[in-house]
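Trainee: Structure below; questions to follow.
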Amino acid sequence: MSFDPTIRIRTDVAKMEAYTPIVPFDVLSARLQRPPEEIIKLDANENPYGPSPRIYQALANEGYYHIYPDPDSNALREALSDFLSVDKSHIMVGHGADELIDLIMRLFIQPGDVVIDCQPTFGMYSFDTGLNSGQVLRVPRRADFSVDVVGIEGATANLPQPKLLFLTSPNNPDGGLLNDADLRYLLNLPLVVILDEAYVEFYGKSRVKWVEEYDNLVLLRTFSKWAGLAGLRVGYGVFPAAIISHLWKIKQPYNVNVAGAVAALASLNDLDYLMKNVEKIIAERERLYQALTQFEFLRPYPSQANFVLCRVLGRDARQLKLDLEGKGILVRYFSKPGLTDHIRISVGKPEQTDTLLTTLQHLTSQA
Ligand SMILES: Cc1ncc(COP(=O)(O)O)c(C=O)c1O
């Protein structure tokens with residue numbers, strides 16, 4: 001055949017680099033040649049305690065898997081409205097917060113439009129900008145990972161004027177916070193500000209009510225981390241009225257599947273159980289942080305999330321990740337500017353921390 005169909009592919013997509021996702025357990029198990037129970041997975045900020053046991057009963061009792069889900073996620077939005085003390089009309093549920101990041105881009109970004117990305121941060125903001133033919137304007141964080149407010153303000157004078165600003169608090173990968181004064185300042189710039197609070201339950205203080213105060217603030221949250229539902233893909237956004245009305249027009253009707261919605265509802269009905277796990281993770285984060293400070297070659301950063309970022313001194317961070325992987329312990333290494341000498345460790349159960357620490361000690365004595 002003479003016709004090459006790939007010449008019809010969008011040129012920007014053809015040039016795009018593939019996103020490298022974290023691999024799931026079974027794939028990992030085959031790759032590392034270890035049974036899943038011998039793998040300590042601390043690379044994707046998942047919840048080591050898993051979901052509420054109540055979701056299994058709720059999933060077993062659900063009788064409508066053969067019927068399309070409610071496109072408006074009414075039951076879940078009502079429960080979220082109680083949980084957040086925010087009117088239901090401001091809430092939209094997504095197939096993970098990831099879907100909502102893409103949906104927001106689809107609403108605002110036309111080819112060439114500019115999105116401000118405060119790197120290092122969550123990779124999906126720049127990935128989705130590219131996917132939606134936007135341009136990423138990097139305003140790098142400072143050495144302590146705080147947001148460069150002056151840099152962002154300066155960027156708003158550029159042409160074309162940036163449309164969106166993604167902020168994350170606590171930030172992934174360092175676990176640091178954006179303070180109130182900086183957020184207020186940034187909200188007064190001519191930008192739509194998306195505040196991603198995927199990890200906020202591990203800090204405790206959300207800005208969700210600020211959406212009632214600011215017409216240009218969008219807030220994103222998820223069931224993936226605190227509720228242990230990463231595999232079921234349920235996230236949500238809280239939006240100003242003028243924005244959400246347009247989002248409803250472009251959302252895929254059946255974006256939230258029946259199982260995800262049932263499990264998310266059951267999670268909201270088991271807050272005591274889940275919040276106890278969150279408390280355990282917070283306590284373990286502090287223990288992990290303290291223990292990591294004892295290693296001469298590691299400089300952990302204080303974190304308000306369910307992970308600890310460490311600078312690696314005097315040895316190769318990528319090799320350290322590979323050495324740990326060889327022992328069945330997965331941590332995250334990023335080959336990205338500003339992070340090449342870092343590893344990020346998700347908080348696990350106490351016994352997983354113990355194995356990690358013993359393995360690190362063993363690796364130190366070998367060095
Ligand atoms: C900052 C941040 N936002 C959003 C997400 C994705 O959330 P979800 O699993 O709901 O798509 C993550 C996942 O790692 C994250 O780190």
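FYI, nothing fancy with the structure tokens labels: chains A, B, ... in order, residues from 1 per chain, ligands from 1 as they appear.
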What's around A:Leu322 at 12 Å? Count only C-alpha atoms, leave out sequence neighbours fewer than 5 positions away in its own chain, and write the answer as a PyMOL selection string.

Mentor: chain A and resi 32+316-317+327-333+343+363

Trainee: Among stretch 88-223 of chain A, which residues carry a DSSP assignment of strand (DSSP E or B), reported as a ChimeraX atom specification?

Mentor: /A:91-94,114-117,135-138,164-168,192-196,217-222

Trainee: Find the residues near A:Asn257: any atom within 8 Å, counting only C-alpha atoms, skip ones fewer than 4 places away on the same chain, and give them as a PyMOL selection string.

Mentor: chain A and resi 68-69+95+261

Trainee: Keeping only N, CA, C and O atoms, write the selected residues as an mmCIF file, in the first residue's frame.

Mentor:
```
data_model
loop_
_atom_site.group_PDB
_atom_site.id
_atom_site.type_symbol
_atom_site.label_atom_id
_atom_site.label_comp_id
_atom_site.auth_asym_id
_atom_site.auth_seq_id
_atom_site.Cartn_x
_atom_site.Cartn_y
_atom_site.Cartn_z
ATOM 1 N N TYR A 68 -25.498 1.787 32.296
ATOM 2 C CA TYR A 68 -24.547 2.905 32.291
ATOM 3 C C TYR A 68 -24.658 3.710 33.581
ATOM 4 O O TYR A 68 -25.749 3.833 34.146
ATOM 5 N N PRO A 69 -23.549 4.276 34.012
ATOM 6 C CA PRO A 69 -23.589 5.037 35.267
ATOM 7 C C PRO A 69 -24.312 6.382 35.116
ATOM 8 O O PRO A 69 -24.554 6.842 34.002
ATOM 9 N N HIS A 95 -12.739 10.624 36.340
ATOM 10 C CA HIS A 95 -12.051 9.329 36.333
ATOM 11 C C HIS A 95 -10.628 9.590 36.850
ATOM 12 O O HIS A 95 -9.652 9.617 36.097
ATOM 13 N N ALA A 261 -17.779 4.756 41.605
ATOM 14 C CA ALA A 261 -18.723 5.596 42.347
ATOM 15 C C ALA A 261 -19.192 4.887 43.621
ATOM 16 O O ALA A 261 -19.278 5.514 44.693
#
```

Trainee: Show me, as an NGL selection string, the residues that have an atom within 12 Å of stretch 248-256 of chain A when counting only C-alpha atoms, minus same-chain residues fewer than 6 positions from it.

Mentor: :A and (67-74 or 76-77 or 89-108 or 232-236 or 239 or 241-242 or 262-264)

Trainee: Using only C-alpha atoms and all ligand atoms, tabulate the residues of chain A lying at most 10 Å from any atom of ligand 1, each with its closest atom pair and that distance in Å to one decimal, by chain and increasing residue number, as a tab-separated table.

Mentor:
```
residue	atom	partner	partner_atom_place_in_ligand_line	distance
A:Ile22	CA	ligand 1	14 (O)	9.9
A:Asp43	CA	ligand 1	14 (O)	9.8
A:Ala44	CA	ligand 1	14 (O)	6.3
A:Asn45	CA	ligand 1	14 (O)	6.3
A:Glu46	CA	ligand 1	14 (O)	8.0
A:Val93	CA	ligand 1	10 (O)	9.9
A:Gly94	CA	ligand 1	10 (O)	7.9
A:His95	CA	ligand 1	11 (O)	6.9
A:Gly96	CA	ligand 1	10 (O)	3.3
A:Ala97	CA	ligand 1	10 (O)	3.7
A:Asp98	CA	ligand 1	11 (O)	3.8
A:Glu99	CA	ligand 1	11 (O)	6.6
A:Leu100	CA	ligand 1	11 (O)	8.1
A:Ile101	CA	ligand 1	4 (C)	8.2
A:Thr121	CA	ligand 1	1 (C)	7.3
A:Phe122	CA	ligand 1	1 (C)	5.1
A:Gly123	CA	ligand 1	16 (O)	8.2
A:Met124	CA	ligand 1	4 (C)	7.8
A:Tyr125	CA	ligand 1	3 (N)	8.9
A:Phe166	CA	ligand 1	1 (C)	9.9
A:Leu167	CA	ligand 1	1 (C)	8.8
A:Thr168	CA	ligand 1	1 (C)	6.0
A:Ser169	CA	ligand 1	1 (C)	7.8
A:Pro170	CA	ligand 1	1 (C)	7.8
A:Asn171	CA	ligand 1	1 (C)	6.3
A:Asn172	CA	ligand 1	1 (C)	5.3
A:Pro173	CA	ligand 1	16 (O)	7.6
A:Gly175	CA	ligand 1	1 (C)	9.7
A:Leu195	CA	ligand 1	1 (C)	9.3
A:Asp196	CA	ligand 1	3 (N)	5.8
A:Glu197	CA	ligand 1	1 (C)	6.8
A:Ala198	CA	ligand 1	3 (N)	4.9
A:Tyr199	CA	ligand 1	1 (C)	7.0
A:Val200	CA	ligand 1	1 (C)	9.7
A:Leu220	CA	ligand 1	3 (N)	7.6
A:Arg221	CA	ligand 1	10 (O)	6.8
A:Thr222	CA	ligand 1	10 (O)	4.3
A:Phe223	CA	ligand 1	10 (O)	6.2
A:Ser224	CA	ligand 1	9 (O)	4.8
A:Lys225	CA	ligand 1	9 (O)	7.4
A:Gly228	CA	ligand 1	9 (O)	9.7
A:Leu229	CA	ligand 1	9 (O)	8.0
A:Ala230	CA	ligand 1	9 (O)	5.2
A:Gly231	CA	ligand 1	9 (O)	7.9
A:Leu232	CA	ligand 1	9 (O)	8.6
A:Arg233	CA	ligand 1	9 (O)	5.8
A:Val234	CA	ligand 1	10 (O)	5.6
A:Gly235	CA	ligand 1	10 (O)	4.3
A:Tyr236	CA	ligand 1	10 (O)	7.6
A:Ala305	CA	ligand 1	16 (O)	9.7
```

Trainee: Excluding A:Leu189 and any residue of its chain fewer than 3 positions from it, enumerate the residues within 8 Å of it, using only C-alpha atoms, and give them as an MDAnalysis selection string.

Mentor: chainID A and resid 153 156 185:186

Trainee: I need the residues of stretch 24-221 of chain A that end up classed as helix (DSSP H, G or I) by DSSP on the backbone, written out as number ranges by chain.

Mentor: A: 25-32, 36-38, 54-61, 74-84, 88-90, 96-108, 124-131, 149-155, 180-187, 200-202, 208-212

Trainee: Write out the residues from the selection above, keeping C-alpha atoms, as a CSV table (one decimal), in the first residue's frame.

Mentor:
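This is the output file result_30.csv:
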```
chain,number,residue,atom,x,y,z
A,25,PHE,CA,2.0,-5.0,40.5
A,26,ASP,CA,1.7,-8.1,38.3
A,27,VAL,CA,4.0,-6.5,35.6
A,28,LEU,CA,6.4,-5.5,38.4
A,29,SER,CA,6.4,-8.9,39.9
A,30,ALA,CA,7.3,-10.5,36.5
A,31,ARG,CA,10.0,-8.0,35.9
A,32,LEU,CA,11.6,-8.3,39.3
A,36,PRO,CA,4.1,-9.6,44.8
A,37,GLU,CA,4.2,-10.1,48.6
A,38,GLU,CA,8.0,-9.7,48.5
A,54,ARG,CA,-16.7,-1.6,53.5
A,55,ILE,CA,-16.2,-1.1,49.8
A,56,TYR,CA,-16.1,-4.9,49.1
A,57,GLN,CA,-19.6,-5.3,50.6
A,58,ALA,CA,-20.9,-2.3,48.7
A,59,LEU,CA,-19.4,-3.6,45.4
A,60,ALA,CA,-20.9,-7.0,46.0
A,61,ASN,CA,-24.3,-5.5,46.7
A,74,ASN,CA,-25.6,12.7,41.8
A,75,ALA,CA,-25.3,10.4,44.8
A,76,LEU,CA,-21.5,10.8,45.1
A,77,ARG,CA,-21.8,14.6,44.6
A,78,GLU,CA,-24.3,14.8,47.3
A,79,ALA,CA,-22.1,12.9,49.7
A,80,LEU,CA,-19.1,15.0,48.7
A,81,SER,CA,-21.2,18.1,49.3
A,82,ASP,CA,-21.7,17.0,52.9
A,83,PHE,CA,-18.0,15.9,53.2
A,84,LEU,CA,-16.7,19.3,52.0
A,88,LYS,CA,-23.2,20.2,45.1
A,89,SER,CA,-23.5,22.5,42.1
A,90,HIS,CA,-19.8,23.3,42.4
A,96,GLY,CA,-9.3,10.3,38.7
A,97,ALA,CA,-8.1,13.9,39.2
A,98,ASP,CA,-6.1,13.2,36.1
A,99,GLU,CA,-9.2,13.2,33.9
A,100,LEU,CA,-10.2,16.6,35.3
A,101,ILE,CA,-6.8,18.1,34.6
A,102,ASP,CA,-7.2,17.1,30.9
A,103,LEU,CA,-10.8,18.3,30.9
A,104,ILE,CA,-9.8,21.7,32.3
A,105,MET,CA,-7.2,22.0,29.5
A,106,ARG,CA,-9.8,21.1,26.9
A,107,LEU,CA,-12.0,23.9,28.2
A,108,PHE,CA,-9.4,26.6,28.2
A,124,MET,CA,0.5,15.5,34.2
A,125,TYR,CA,0.1,19.3,34.0
A,126,SER,CA,2.8,19.6,31.3
A,127,PHE,CA,1.8,16.3,29.7
A,128,ASP,CA,-1.8,17.4,29.2
A,129,THR,CA,-0.7,20.8,28.1
A,130,GLY,CA,1.2,19.2,25.3
A,131,LEU,CA,-1.6,16.8,24.5
A,149,VAL,CA,5.5,34.3,43.0
A,150,VAL,CA,7.5,37.1,41.4
A,151,GLY,CA,8.4,34.9,38.5
A,152,ILE,CA,4.8,34.0,37.9
A,153,GLU,CA,3.6,37.6,38.1
A,154,GLY,CA,6.3,38.5,35.6
A,155,ALA,CA,5.1,35.7,33.3
A,180,ASP,CA,-2.0,31.6,52.1
A,181,ALA,CA,-0.4,34.9,51.3
A,182,ASP,CA,1.2,33.6,48.1
A,183,LEU,CA,-2.0,31.9,47.0
A,184,ARG,CA,-4.0,35.0,47.6
A,185,TYR,CA,-1.5,37.1,45.7
A,186,LEU,CA,-1.5,34.6,42.8
A,187,LEU,CA,-5.3,34.6,42.7
A,200,VAL,CA,-4.3,17.5,51.4
A,201,GLU,CA,-5.7,14.9,53.8
A,202,PHE,CA,-2.1,14.2,55.0
A,208,VAL,CA,-11.9,24.1,49.3
A,209,LYS,CA,-14.0,26.9,50.7
A,210,TRP,CA,-11.9,29.5,48.9
A,211,VAL,CA,-13.7,28.5,45.7
A,212,GLU,CA,-16.7,30.3,47.0
```

Trainee: Calculated over only C-alpha atoms, which of the candidates A:Thr340, A:Thr20, A:Ser85, A:Ser146 has the smallest distance to A:Ser206?

Mentor: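 Comparing A:Thr340, A:Thr20, A:Ser85, A:Ser146 against A:Ser206, the winner is A:Ser85.
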
Trainee: Between atom CA of A:Tyr19 and atom CA of A:Asp113, what is the spacing in Å?

Mentor: 21.2 Å

Trainee: Name the residues in contact with A:Leu356 at a cut-off of 12 Å, using only C-alpha atoms, excluding same-chain residues fewer than 6 positions from it; report them as a PyMOL selection string.

Mentor: chain A and resi 39-42+288+291-292+321+323-325+327-331+345-350+362-363

Trainee: How many Å lie between atom CA of A:Gly176 and atom CA of A:Ser303, rounded to one decimal?

Mentor: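 Those two atoms sit 5.7 Å apart.
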
Trainee: Quick one, how far is atom CA of A:Gln290 from atom CA of A:Val308?

Mentor: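 About the pair atom CA of A:Gln290 and atom CA of A:Val308: they are 10.5 Å apart.
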